[in-house]
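Have a look at the structure below before the remarks.
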Amino acid sequence: MGQIKVLDQNMINMIAAGEVIERPASVVKELVENSIDAGATKITVTIEDGGRKLISITDNGCGMDADDLARAFEPHTTSKIKTSADLHGISTLGFRGEALASIASIAQVRAISRTKGSTGANCIEIDCGSKTSAGPCSGDYGTTIQIRDIFYKLPARRKFLKTANTEMGHITEQFTRIALANENLDLTLIRNGKELYRLSDKDDLRRRITELFPMPSSDISENLIEAEIGEKGLHVHALMGKPLISRTNNRFQYVFLNGRFIRDKFISHAVKEAYRGLLEPGRFPVVFLFIKMPFEEYDVNVHPTKIEVRFYNANLVHSQILGALREKLLGTNLELPGRLPDLQNAQSTSRHSPPVRDSRIADAMAEFFRKHRPVQMQQQLGFRQTSPGNVHAVSSEKSAQYDRKYLQIHDSFIVAQTEDGFVIIDQHALHERIIYEDLCRRIRKNKLQSQRLLIPESFEVSVSGAEALKANAGLTDKLGIELVPFGPRTMAVQAFPTLLSGVQPLDFIQDFIDLLDRKDTGLDAERLLDEVLNMAACKAAIKAGQKLTDSEIEQLLADRQEAESASRCPHGRPTTIKFSISDLEKQFKRT
Ligand code: ADP
Ligand code: MG
């Protein structure tokens with residue numbers, strides 16, 4: 001007898017749910033999108049226990065009558081498309097007709113809905129795929145859907161849920177995306193009976209961004225540059241973070257296509273290119289991009305959660321976005337005094353292209369020698385020929401300069417003589433390495449020494465940021481950072497490591513939170529500590545473009561002798577490039 005069986009409908013729904021409903025946040029996304037598609041202007045999201053116990057969404061949209069209410073939870077039922085032609089140009093957020101059926105197959109659901117024309121509401125209850133009751137009830141215009149005990153009959157799936165706070169972080173992220181894409185929606189998020197966000201339709205986008213992205217070190221919306229283009233059927237509205245507020249990961253890049261949050265590699269690339277040379281390596285810009293284009297010019301039917309789309313003319317999208325962003329960024333005074341050229345150098349250090357950088361430095365060196373050395377040599381030679389006495393005078397006059405076996409060039413590199421040639425040192429990279437090693441040594445022994453701030457510095461923190469700090473309290477303590485909560489979303493730094501005295505505490509905390517909160521990589525404790533120390537060293541190190549005094553250079557050269565791996569910065573880039581006399585002789589065609 002054959003082994004193959006036809007799955008029953010509930011099994012089919014449960015399998016579909018596996019794709020669409022990963023966690024409580026997915027339920028929030030699907031339900032709020034339905035509310036938006038239903039024309040709602042006011043939506044309230046209520047969460048208990050990170051969504052395990054309850055997810056409830058109330059809207060003032062068009063509602064459903066009794067028939068539709070029952071049909072909505074059947075598989076493959078939708079009011080949004082009718083014929084295959086409708087698939088080419090989907091203007092609603094949903095269209096697959098599987099979210100409600102999927103959700104109803106994995107939880108207890110109660111839905112109440114009332115249309116504008118009707119005198120009363122209707123209610124339906126479904127428990128993991130089986131309808132338990134339906135009938136009239138009291139209720140306002142619009143729809144309320146309550147989801148309880150998600151995955152309660154699927155222990156394997158339920159086990160995968162993280163702590164309530166982590167799940168809440170995911171929910172907040174979904175809420176954030178929807179809030180950004182729908183400026184004129186009145187949106188409320190309630191957690192365990194307390195209001196977390198109340199976003200009014202009256203507030204403008206910048207205000208909304210400030211509320212959604214509390215940043216410890218600065219007010220985000222004050223550091224956003226606005227660009228707008230409307231060409232070739234593509235309208236782009238961009239809010240671009242200045243390099244000053246760049247982050248350590250790319251989670252702060254929000255791209256919306258006709259109100260839908262998407263991830264797209266062409267667009268990410270365009271954003272990256274737009275910032276080329278403006279950010280240090282390993283930093284990512286904060287960007288909010290709102291793209292509007294005809295629905296027919298892309299396909300959303302490529303991914304179950306519709307987070308990816310396929311552009312029919314991806315090159316056009318790429319070039320338009322890159323052009324608009326780049327032009328605006330280059331036309332804006334980004335207030336990075338004297339650092340730009342050095343950063344550009346630093347940019348090309350990205351692991352793929354060290355030879356370019358080496359050759360650039362070599363070029364700079366050749367140029368330097370062309371300008372200076374031959375002239376001096378000629379003079380000396382000239383003097384020697386005519387009057388040896390003068391030679392002595394000149395060299396003693398300049399002897400201080402010649403005894404000093406180093407030189408800072410372009411306020412970024414140090415050229416120092418060695419026994420068999422000379423080295424060119426990237427001052428930032430070397431200093432970073434030295435600090436990093438120092439930090440590692442100290443933290444291995446004990447927690448870092450800290451000093452109390454005269455006045456504690458308070459900062460706003462996001463839900464997931466606060467959670468990340470809480471979960472890593474041990475690490476924070478080890479670093480010598482003392483944080484105290486001030487309110488549900490406010491904290492203050494009370495003590496900060498002495499070694500990092502030159503670093504702005506809030507600037508550090510912001511990147512620290514980013515690192516802790518990075519969801520894409522499950523770093524183990526040791527790697528995480530290492531990343532944090534790297535980041536700390538980078539912040540504390542002298543920068544490219546910084547003029548150094550002789551004693552600072554001497555200190556750096558002395559520390560270089562002590563450092564274990566002075567030739568590489570903590571990121572693995574070289575700190576030093578060596579040139580031997582024999583190299584020089586070859587270059588000058590002496591051999
Ligand atoms: P889709 O959104 O892909 O159509 P869903 O399973 O999410 O599929 O929803 C099925 C249908 O239920 C929708 O097409 C819509 O007609 C109706 N519906 C769902 N949620 C709401 C709501 N909040 N208000 C009004 N109608 C809704
Ligand atoms: Mg839907």
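Ligands are numbered from 1 in the order shown, chains are lettered A, B, ... in the order of the structure tokens, and residues start at 1 in each chain.
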
Go through chain A and flag each residue having an atom no more than 6 Å from ligand 1; for those, report the closest pair of atoms plus their distance in Å to one decimal, using only C-alpha atoms and all ligand atoms, ordered by chain and rising number, as JSON lines.
```
{"residue": "A:Asn34", "atom": "CA", "partner": "ligand 1", "partner_atom_place_in_ligand_line": "20 (N)", "distance": 4.4}
{"residue": "A:Ser35", "atom": "CA", "partner": "ligand 1", "partner_atom_place_in_ligand_line": "23 (N)", "distance": 4.0}
{"residue": "A:Ala38", "atom": "CA", "partner": "ligand 1", "partner_atom_place_in_ligand_line": "25 (C)", "distance": 4.7}
{"residue": "A:Gly61", "atom": "CA", "partner": "ligand 1", "partner_atom_place_in_ligand_line": "24 (N)", "distance": 5.6}
{"residue": "A:Cys62", "atom": "CA", "partner": "ligand 1", "partner_atom_place_in_ligand_line": "25 (C)", "distance": 5.5}
{"residue": "A:Gly63", "atom": "CA", "partner": "ligand 1", "partner_atom_place_in_ligand_line": "25 (C)", "distance": 4.2}
{"residue": "A:Met64", "atom": "CA", "partner": "ligand 1", "partner_atom_place_in_ligand_line": "25 (C)", "distance": 5.3}
{"residue": "A:Ala72", "atom": "CA", "partner": "ligand 1", "partner_atom_place_in_ligand_line": "12 (O)", "distance": 4.2}
{"residue": "A:Thr77", "atom": "CA", "partner": "ligand 1", "partner_atom_place_in_ligand_line": "10 (C)", "distance": 5.6}
{"residue": "A:Thr78", "atom": "CA", "partner": "ligand 1", "partner_atom_place_in_ligand_line": "14 (O)", "distance": 3.5}
{"residue": "A:Ser79", "atom": "CA", "partner": "ligand 1", "partner_atom_place_in_ligand_line": "14 (O)", "distance": 4.0}
{"residue": "A:Lys80", "atom": "CA", "partner": "ligand 1", "partner_atom_place_in_ligand_line": "14 (O)", "distance": 5.2}
{"residue": "A:Gly94", "atom": "CA", "partner": "ligand 1", "partner_atom_place_in_ligand_line": "2 (O)", "distance": 3.8}
{"residue": "A:Phe95", "atom": "CA", "partner": "ligand 1", "partner_atom_place_in_ligand_line": "3 (O)", "distance": 3.5}
{"residue": "A:Arg96", "atom": "CA", "partner": "ligand 1", "partner_atom_place_in_ligand_line": "3 (O)", "distance": 3.9}
{"residue": "A:Gly97", "atom": "CA", "partner": "ligand 1", "partner_atom_place_in_ligand_line": "8 (O)", "distance": 3.2}
{"residue": "A:Glu98", "atom": "CA", "partner": "ligand 1", "partner_atom_place_in_ligand_line": "6 (O)", "distance": 4.3}
{"residue": "A:Ala99", "atom": "CA", "partner": "ligand 1", "partner_atom_place_in_ligand_line": "6 (O)", "distance": 3.9}
{"residue": "A:Leu100", "atom": "CA", "partner": "ligand 1", "partner_atom_place_in_ligand_line": "6 (O)", "distance": 3.8}
{"residue": "A:Ala101", "atom": "CA", "partner": "ligand 1", "partner_atom_place_in_ligand_line": "6 (O)", "distance": 5.8}
{"residue": "A:Thr143", "atom": "CA", "partner": "ligand 1", "partner_atom_place_in_ligand_line": "23 (N)", "distance": 5.1}
```

Could you dump the residues just selected with all heavy atoms as a CSV table (one decimal), in the first residue's frame?
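Result went into result.csv, see below:
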```csv
chain,number,residue,atom,x,y,z
A,34,ASN,N,-3.6,43.7,8.5
A,34,ASN,CA,-5.0,43.6,8.2
A,34,ASN,C,-5.8,44.8,8.5
A,34,ASN,O,-6.7,45.2,7.8
A,34,ASN,CB,-5.6,42.3,8.9
A,34,ASN,CG,-5.2,41.0,8.1
A,34,ASN,OD1,-4.8,41.1,7.0
A,34,ASN,ND2,-5.4,39.9,8.8
A,35,SER,N,-5.5,45.4,9.7
A,35,SER,CA,-6.3,46.6,10.1
A,35,SER,C,-6.0,47.7,9.2
A,35,SER,O,-6.9,48.5,8.9
A,35,SER,CB,-5.8,47.0,11.6
A,35,SER,OG,-6.1,45.9,12.5
A,38,ALA,N,-7.8,47.3,6.2
A,38,ALA,CA,-9.3,47.5,6.4
A,38,ALA,C,-9.6,49.0,6.5
A,38,ALA,O,-10.7,49.4,6.9
A,38,ALA,CB,-9.8,46.8,7.6
A,61,GLY,N,-11.4,50.0,11.6
A,61,GLY,CA,-11.5,49.8,10.2
A,61,GLY,C,-12.9,49.4,9.7
A,61,GLY,O,-13.9,49.5,10.5
A,62,CYS,N,-13.0,48.9,8.5
A,62,CYS,CA,-14.3,48.6,7.9
A,62,CYS,C,-15.1,47.5,8.5
A,62,CYS,O,-16.3,47.4,8.4
A,62,CYS,CB,-14.2,48.4,6.4
A,62,CYS,SG,-13.3,46.9,6.1
A,63,GLY,N,-14.5,46.7,9.3
A,63,GLY,CA,-15.2,45.6,10.0
A,63,GLY,C,-15.6,44.5,9.0
A,63,GLY,O,-15.4,44.6,7.8
A,64,MET,N,-16.1,43.4,9.6
A,64,MET,CA,-16.6,42.2,8.7
A,64,MET,C,-18.0,41.9,9.2
A,64,MET,O,-18.3,42.0,10.4
A,64,MET,CB,-15.7,41.0,8.9
A,64,MET,CG,-14.3,41.2,8.3
A,64,MET,SD,-13.3,39.8,8.7
A,64,MET,CE,-12.5,40.4,10.2
A,72,ALA,N,-13.2,34.5,7.0
A,72,ALA,CA,-11.8,35.0,7.1
A,72,ALA,C,-10.8,34.1,7.7
A,72,ALA,O,-9.7,34.1,7.3
A,72,ALA,CB,-11.9,36.3,8.0
A,77,THR,N,-8.5,32.4,2.1
A,77,THR,CA,-9.7,33.3,1.9
A,77,THR,C,-9.2,34.8,2.0
A,77,THR,O,-8.5,35.1,2.9
A,77,THR,CB,-10.8,33.1,2.9
A,77,THR,OG1,-10.2,33.1,4.2
A,77,THR,CG2,-11.4,31.7,2.7
A,78,THR,N,-9.5,35.5,1.0
A,78,THR,CA,-9.1,36.9,1.0
A,78,THR,C,-10.1,37.8,0.3
A,78,THR,O,-10.8,37.3,-0.7
A,78,THR,CB,-7.7,37.1,0.4
A,78,THR,OG1,-7.4,38.5,0.4
A,78,THR,CG2,-7.7,36.6,-1.1
A,79,SER,N,-10.2,39.0,0.7
A,79,SER,CA,-11.1,40.0,-0.1
A,79,SER,C,-10.2,40.8,-1.0
A,79,SER,O,-10.7,41.7,-1.6
A,79,SER,CB,-11.8,40.9,0.9
A,79,SER,OG,-10.9,41.5,1.7
A,80,LYS,N,-8.9,40.6,-1.0
A,80,LYS,CA,-8.0,41.5,-1.6
A,80,LYS,C,-7.6,41.2,-3.0
A,80,LYS,O,-7.2,42.1,-3.8
A,80,LYS,CB,-6.7,41.7,-0.7
A,80,LYS,CG,-7.1,42.2,0.7
A,80,LYS,CD,-6.0,42.1,1.7
A,80,LYS,CE,-6.6,42.3,3.1
A,80,LYS,NZ,-5.7,42.2,4.2
A,94,GLY,N,-1.7,42.8,2.6
A,94,GLY,CA,-1.9,41.3,2.5
A,94,GLY,C,-2.5,41.0,1.2
A,94,GLY,O,-3.0,41.8,0.4
A,95,PHE,N,-2.5,39.7,0.8
A,95,PHE,CA,-3.2,39.2,-0.4
A,95,PHE,C,-3.2,37.7,-0.4
A,95,PHE,O,-3.9,37.1,-1.2
A,95,PHE,CB,-2.5,39.7,-1.7
A,95,PHE,CG,-1.1,39.3,-1.9
A,95,PHE,CD1,-0.8,38.1,-2.6
A,95,PHE,CD2,0.0,40.0,-1.3
A,95,PHE,CE1,0.5,37.7,-2.7
A,95,PHE,CE2,1.3,39.5,-1.4
A,95,PHE,CZ,1.5,38.3,-2.2
A,96,ARG,N,-2.4,37.1,0.4
A,96,ARG,CA,-2.2,35.6,0.4
A,96,ARG,C,-3.4,34.8,1.0
A,96,ARG,O,-3.5,33.6,0.8
A,96,ARG,CB,-0.9,35.2,1.0
A,96,ARG,CG,0.3,35.7,0.2
A,96,ARG,CD,1.6,35.6,1.0
A,96,ARG,NE,1.8,34.2,1.3
A,96,ARG,CZ,2.8,33.5,0.7
A,96,ARG,NH1,3.5,34.0,-0.2
A,96,ARG,NH2,3.0,32.2,1.0
A,97,GLY,N,-4.1,35.5,1.9
A,97,GLY,CA,-5.3,34.9,2.5
A,97,GLY,C,-5.0,33.7,3.4
A,97,GLY,O,-5.8,32.8,3.5
A,98,GLU,N,-3.8,33.8,4.0
A,98,GLU,CA,-3.5,32.6,4.9
A,98,GLU,C,-3.2,33.0,6.3
A,98,GLU,O,-3.0,32.2,7.2
A,98,GLU,CB,-2.4,31.8,4.3
A,98,GLU,CG,-1.1,32.6,4.0
A,98,GLU,CD,0.0,31.7,3.4
A,98,GLU,OE1,-0.3,30.6,2.9
A,98,GLU,OE2,1.1,32.2,3.4
A,99,ALA,N,-3.0,34.4,6.6
A,99,ALA,CA,-2.6,34.7,7.9
A,99,ALA,C,-3.6,34.3,9.0
A,99,ALA,O,-3.2,33.6,10.0
A,99,ALA,CB,-2.3,36.2,8.0
A,100,LEU,N,-4.9,34.7,8.8
A,100,LEU,CA,-5.8,34.4,9.9
A,100,LEU,C,-6.0,32.9,10.1
A,100,LEU,O,-6.1,32.4,11.2
A,100,LEU,CB,-7.2,35.1,9.6
A,100,LEU,CG,-7.2,36.6,9.7
A,100,LEU,CD1,-8.6,37.1,9.5
A,100,LEU,CD2,-6.6,37.1,11.0
A,101,ALA,N,-6.0,32.2,9.0
A,101,ALA,CA,-6.2,30.7,9.1
A,101,ALA,C,-5.0,30.1,9.8
A,101,ALA,O,-5.1,29.2,10.7
A,101,ALA,CB,-6.3,30.1,7.7
A,143,THR,N,-12.8,46.1,14.3
A,143,THR,CA,-12.5,44.7,14.6
A,143,THR,C,-11.5,44.6,15.7
A,143,THR,O,-10.6,45.4,15.9
A,143,THR,CB,-11.9,44.1,13.3
A,143,THR,OG1,-12.7,44.2,12.2
A,143,THR,CG2,-11.6,42.6,13.5
```

* Quick one: residues within 9 Å of Arg110 of chain A, only C-alpha atoms counted, chain neighbours fewer than 2 positions away excluded, as a list of chain:residue names? -> A:Gln108, A:Ile112, A:Cys123, A:Ile124, A:Glu125, A:Ile126, A:Asp127, A:Thr144, A:Ile145, A:Gln146, A:Ile147, A:Arg148

Prev. selection, all heavy atoms, output as an mmCIF file, in the first residue's frame:
```
data_model
loop_
_atom_site.group_PDB
_atom_site.id
_atom_site.type_symbol
_atom_site.label_atom_id
_atom_site.label_comp_id
_atom_site.auth_asym_id
_atom_site.auth_seq_id
_atom_site.Cartn_x
_atom_site.Cartn_y
_atom_site.Cartn_z
ATOM 1 N N GLN A 108 -5.555 30.103 20.582
ATOM 2 C CA GLN A 108 -6.976 30.342 20.829
ATOM 3 C C GLN A 108 -7.299 31.735 20.327
ATOM 4 O O GLN A 108 -6.649 32.706 20.719
ATOM 5 C CB GLN A 108 -7.257 30.314 22.324
ATOM 6 C CG GLN A 108 -7.199 28.930 22.895
ATOM 7 C CD GLN A 108 -7.732 28.902 24.317
ATOM 8 O OE1 GLN A 108 -8.482 29.784 24.734
ATOM 9 N NE2 GLN A 108 -7.340 27.890 25.058
ATOM 10 N N ILE A 112 -14.026 39.809 17.187
ATOM 11 C CA ILE A 112 -15.296 40.536 17.255
ATOM 12 C C ILE A 112 -15.242 41.592 16.174
ATOM 13 O O ILE A 112 -14.248 42.320 16.068
ATOM 14 C CB ILE A 112 -15.448 41.229 18.621
ATOM 15 C CG1 ILE A 112 -15.330 40.204 19.732
ATOM 16 C CG2 ILE A 112 -16.765 41.994 18.716
ATOM 17 C CD1 ILE A 112 -14.948 40.796 21.058
ATOM 18 N N CYS A 123 -19.285 37.746 16.767
ATOM 19 C CA CYS A 123 -18.099 37.217 17.434
ATOM 20 C C CYS A 123 -17.865 35.770 17.007
ATOM 21 O O CYS A 123 -18.820 35.035 16.728
ATOM 22 C CB CYS A 123 -18.352 37.298 18.935
ATOM 23 S SG CYS A 123 -17.099 36.495 19.901
ATOM 24 N N ILE A 124 -16.618 35.390 16.926
ATOM 25 C CA ILE A 124 -16.322 33.996 16.604
ATOM 26 C C ILE A 124 -15.146 33.544 17.475
ATOM 27 O O ILE A 124 -14.272 34.347 17.798
ATOM 28 C CB ILE A 124 -16.001 33.849 15.093
ATOM 29 C CG1 ILE A 124 -15.802 32.380 14.718
ATOM 30 C CG2 ILE A 124 -14.770 34.638 14.687
ATOM 31 C CD1 ILE A 124 -15.716 32.160 13.217
ATOM 32 N N GLU A 125 -15.179 32.278 17.899
ATOM 33 C CA GLU A 125 -14.053 31.766 18.686
ATOM 34 C C GLU A 125 -13.529 30.498 18.033
ATOM 35 O O GLU A 125 -14.310 29.630 17.634
ATOM 36 C CB GLU A 125 -14.500 31.481 20.127
ATOM 37 C CG GLU A 125 -14.645 32.750 20.922
ATOM 38 C CD GLU A 125 -15.038 32.521 22.373
ATOM 39 O OE1 GLU A 125 -14.778 31.421 22.895
ATOM 40 O OE2 GLU A 125 -15.607 33.456 22.963
ATOM 41 N N ILE A 126 -12.237 30.395 17.946
ATOM 42 C CA ILE A 126 -11.610 29.230 17.312
ATOM 43 C C ILE A 126 -10.471 28.774 18.209
ATOM 44 O O ILE A 126 -9.670 29.596 18.676
ATOM 45 C CB ILE A 126 -11.049 29.600 15.916
ATOM 46 C CG1 ILE A 126 -12.164 30.152 15.039
ATOM 47 C CG2 ILE A 126 -10.388 28.410 15.248
ATOM 48 C CD1 ILE A 126 -11.665 30.971 13.894
ATOM 49 N N ASP A 127 -10.425 27.464 18.456
ATOM 50 C CA ASP A 127 -9.355 26.951 19.305
ATOM 51 C C ASP A 127 -8.489 26.008 18.475
ATOM 52 O O ASP A 127 -8.922 24.899 18.140
ATOM 53 C CB ASP A 127 -9.973 26.219 20.504
ATOM 54 C CG ASP A 127 -8.903 25.694 21.446
ATOM 55 O OD1 ASP A 127 -7.709 25.991 21.220
ATOM 56 O OD2 ASP A 127 -9.253 24.975 22.398
ATOM 57 N N THR A 144 -11.819 43.611 16.595
ATOM 58 C CA THR A 144 -10.848 43.269 17.644
ATOM 59 C C THR A 144 -10.513 41.791 17.485
ATOM 60 O O THR A 144 -11.426 40.957 17.390
ATOM 61 C CB THR A 144 -11.425 43.508 19.049
ATOM 62 O OG1 THR A 144 -11.604 44.910 19.218
ATOM 63 C CG2 THR A 144 -10.472 42.995 20.132
ATOM 64 N N ILE A 145 -9.233 41.485 17.423
ATOM 65 C CA ILE A 145 -8.850 40.071 17.363
ATOM 66 C C ILE A 145 -7.918 39.782 18.533
ATOM 67 O O ILE A 145 -6.925 40.499 18.741
ATOM 68 C CB ILE A 145 -8.190 39.736 16.000
ATOM 69 C CG1 ILE A 145 -9.200 40.023 14.882
ATOM 70 C CG2 ILE A 145 -7.727 38.279 15.972
ATOM 71 C CD1 ILE A 145 -8.814 39.550 13.507
ATOM 72 N N GLN A 146 -8.298 38.776 19.315
ATOM 73 C CA GLN A 146 -7.480 38.422 20.491
ATOM 74 C C GLN A 146 -6.885 37.032 20.285
ATOM 75 O O GLN A 146 -7.598 36.100 19.929
ATOM 76 C CB GLN A 146 -8.352 38.404 21.750
ATOM 77 C CG GLN A 146 -8.943 39.759 22.056
ATOM 78 C CD GLN A 146 -10.025 39.683 23.127
ATOM 79 O OE1 GLN A 146 -10.626 38.627 23.342
ATOM 80 N NE2 GLN A 146 -10.268 40.798 23.793
ATOM 81 N N ILE A 147 -5.586 36.943 20.498
ATOM 82 C CA ILE A 147 -4.890 35.668 20.338
ATOM 83 C C ILE A 147 -4.336 35.281 21.707
ATOM 84 O O ILE A 147 -3.570 36.047 22.297
ATOM 85 C CB ILE A 147 -3.692 35.814 19.364
ATOM 86 C CG1 ILE A 147 -4.086 36.575 18.096
ATOM 87 C CG2 ILE A 147 -3.045 34.480 19.052
ATOM 88 C CD1 ILE A 147 -5.103 35.909 17.238
ATOM 89 N N ARG A 148 -4.736 34.110 22.188
ATOM 90 C CA ARG A 148 -4.219 33.680 23.500
ATOM 91 C C ARG A 148 -3.420 32.393 23.364
ATOM 92 O O ARG A 148 -3.717 31.557 22.518
ATOM 93 C CB ARG A 148 -5.384 33.428 24.465
ATOM 94 C CG ARG A 148 -6.038 34.693 24.938
ATOM 95 C CD ARG A 148 -7.264 34.387 25.802
ATOM 96 N NE ARG A 148 -8.193 35.504 25.668
ATOM 97 C CZ ARG A 148 -8.100 36.622 26.357
ATOM 98 N NH1 ARG A 148 -7.136 36.755 27.259
ATOM 99 N NH2 ARG A 148 -8.950 37.607 26.163
#
```

* Asked: By how many Å are atom CA of Leu316 of chain A and atom CA of Asn184 of chain A apart?
  ->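 Computing the Euclidean distance for atom CA of Leu316 of chain A and atom CA of Asn184 of chain A yields 29.2 Å.
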
* If we count only C-alpha atoms, what is near Asp507 of chain A at a cut-off of 8 Å, once residues fewer than 4 positions away on the same chain are taken out, given as JSON, numbers by chain? -> {"A": [216, 217, 503, 511]}

* Nearby residues (only C-alpha atoms) at most 8 Å from Lys292 of chain A, same-chain spacing under 2 positions excluded, as a VMD selection string -> chain A and resid 234 to 236 257 to 258 290 294

* What lies within 10 Å of Ala537 of chain A using only C-alpha atoms, ignoring chain neighbours under 4 positions off, as a list in words? -> His428, Ala429, His431, Glu432, Arg433, Ile434, Ile435, Tyr436, Glu437, Asp438, Leu439, Leu499, Leu500, Val503, Glu531, Val532, Leu533, Ala541, Ile542, Cys569 and Pro570 of chain A

Could you save the residues just selected, with N, CA and C atoms, as a PDB file, in the first residue's frame?
```
ATOM      1  N   HIS A 428      46.011  55.971  14.300  1.00  0.00           N
ATOM      2  CA  HIS A 428      44.784  55.507  14.946  1.00  0.00           C
ATOM      3  C   HIS A 428      44.836  54.003  15.171  1.00  0.00           C
ATOM      4  N   ALA A 429      45.216  53.286  14.121  1.00  0.00           N
ATOM      5  CA  ALA A 429      45.218  51.820  14.219  1.00  0.00           C
ATOM      6  C   ALA A 429      46.183  51.342  15.298  1.00  0.00           C
ATOM      7  N   HIS A 431      47.365  53.027  17.955  1.00  0.00           N
ATOM      8  CA  HIS A 431      46.909  53.400  19.289  1.00  0.00           C
ATOM      9  C   HIS A 431      45.748  52.509  19.728  1.00  0.00           C
ATOM     10  N   GLU A 432      44.887  52.200  18.772  1.00  0.00           N
ATOM     11  CA  GLU A 432      43.750  51.323  19.045  1.00  0.00           C
ATOM     12  C   GLU A 432      44.244  49.969  19.550  1.00  0.00           C
ATOM     13  N   ARG A 433      45.264  49.455  18.865  1.00  0.00           N
ATOM     14  CA  ARG A 433      45.831  48.163  19.244  1.00  0.00           C
ATOM     15  C   ARG A 433      46.395  48.211  20.672  1.00  0.00           C
ATOM     16  N   ILE A 434      47.106  49.294  20.955  1.00  0.00           N
ATOM     17  CA  ILE A 434      47.748  49.410  22.266  1.00  0.00           C
ATOM     18  C   ILE A 434      46.692  49.465  23.379  1.00  0.00           C
ATOM     19  N   ILE A 435      45.656  50.266  23.133  1.00  0.00           N
ATOM     20  CA  ILE A 435      44.598  50.372  24.154  1.00  0.00           C
ATOM     21  C   ILE A 435      43.874  49.045  24.306  1.00  0.00           C
ATOM     22  N   TYR A 436      43.616  48.416  23.176  1.00  0.00           N
ATOM     23  CA  TYR A 436      42.912  47.128  23.204  1.00  0.00           C
ATOM     24  C   TYR A 436      43.678  46.119  24.059  1.00  0.00           C
ATOM     25  N   GLU A 437      44.971  46.034  23.829  1.00  0.00           N
ATOM     26  CA  GLU A 437      45.768  45.062  24.594  1.00  0.00           C
ATOM     27  C   GLU A 437      45.755  45.410  26.080  1.00  0.00           C
ATOM     28  N   ASP A 438      45.836  46.698  26.358  1.00  0.00           N
ATOM     29  CA  ASP A 438      45.814  47.143  27.737  1.00  0.00           C
ATOM     30  C   ASP A 438      44.494  46.746  28.405  1.00  0.00           C
ATOM     31  N   LEU A 439      43.404  46.996  27.689  1.00  0.00           N
ATOM     32  CA  LEU A 439      42.082  46.654  28.231  1.00  0.00           C
ATOM     33  C   LEU A 439      41.984  45.150  28.480  1.00  0.00           C
ATOM     34  N   LEU A 499      39.995  54.228  32.218  1.00  0.00           N
ATOM     35  CA  LEU A 499      40.805  54.145  30.994  1.00  0.00           C
ATOM     36  C   LEU A 499      40.138  54.815  29.808  1.00  0.00           C
ATOM     37  N   LEU A 500      38.837  54.932  29.862  1.00  0.00           N
ATOM     38  CA  LEU A 500      38.125  55.511  28.723  1.00  0.00           C
ATOM     39  C   LEU A 500      37.715  56.952  29.023  1.00  0.00           C
ATOM     40  N   VAL A 503      36.480  59.266  26.381  1.00  0.00           N
ATOM     41  CA  VAL A 503      35.335  58.875  25.558  1.00  0.00           C
ATOM     42  C   VAL A 503      34.051  59.431  26.174  1.00  0.00           C
ATOM     43  N   GLU A 531      34.485  42.078  21.272  1.00  0.00           N
ATOM     44  CA  GLU A 531      33.918  43.127  20.406  1.00  0.00           C
ATOM     45  C   GLU A 531      33.768  44.439  21.167  1.00  0.00           C
ATOM     46  N   VAL A 532      33.342  44.307  22.417  1.00  0.00           N
ATOM     47  CA  VAL A 532      33.142  45.519  23.217  1.00  0.00           C
ATOM     48  C   VAL A 532      34.484  46.213  23.450  1.00  0.00           C
ATOM     49  N   LEU A 533      35.511  45.425  23.754  1.00  0.00           N
ATOM     50  CA  LEU A 533      36.829  46.023  23.997  1.00  0.00           C
ATOM     51  C   LEU A 533      37.383  46.662  22.719  1.00  0.00           C
ATOM     52  N   ALA A 541      40.974  55.678  21.063  1.00  0.00           N
ATOM     53  CA  ALA A 541      42.244  55.919  20.359  1.00  0.00           C
ATOM     54  C   ALA A 541      42.278  57.294  19.699  1.00  0.00           C
ATOM     55  N   ILE A 542      43.509  57.815  19.544  1.00  0.00           N
ATOM     56  CA  ILE A 542      43.649  59.063  18.799  1.00  0.00           C
ATOM     57  C   ILE A 542      43.130  58.841  17.386  1.00  0.00           C
ATOM     58  N   CYS A 569      45.901  46.126  13.888  1.00  0.00           N
ATOM     59  CA  CYS A 569      44.925  46.732  14.791  1.00  0.00           C
ATOM     60  C   CYS A 569      43.959  45.630  15.210  1.00  0.00           C
ATOM     61  N   PRO A 570      43.096  45.860  16.225  1.00  0.00           N
ATOM     62  CA  PRO A 570      42.227  44.777  16.673  1.00  0.00           C
ATOM     63  C   PRO A 570      41.322  44.231  15.564  1.00  0.00           C
TER      64      PRO A 570
END
```

* For Leu453 of chain A, please output as JSON, numbers by chain all residues within 7 Å (counting only C-alpha atoms; exclusion window: fewer than 3 positions along the same chain). => {"A": [456, 494, 495]}

* Contacts of segment 486-488 of chain A within 12 Å, only C-alpha atoms, excl. fewer than 4 positions in-chain, as a list in words ->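 In the requested form, the answer reads Arg191, Lys194, Glu195, Leu196, Tyr197, Pro456, Glu457, Ser458, Phe459, Glu460, Val461, Ser462, Val463, Gly465, Ala466, Glu467, Ala492, Val493 and Gln494 of chain A.
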
* Pick from A:Ser138, A:Ile21, A:Gly421, A:Gln427, whichever lies nearest to Glu585 of chain A using only C-alpha atoms ->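 Comparing A:Ser138, A:Ile21, A:Gly421, A:Gln427 against Glu585 of chain A, the winner is A:Gly421.
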
* Asked: Would you give me, as an MDAnalysis selection string, the residues in segment 72-233 of chain A that DSSP reads as strand (DSSP E or B)?
  -> chainID A and resid 108:114 121:127 130:137 142:148 186:191 194:199 224:231
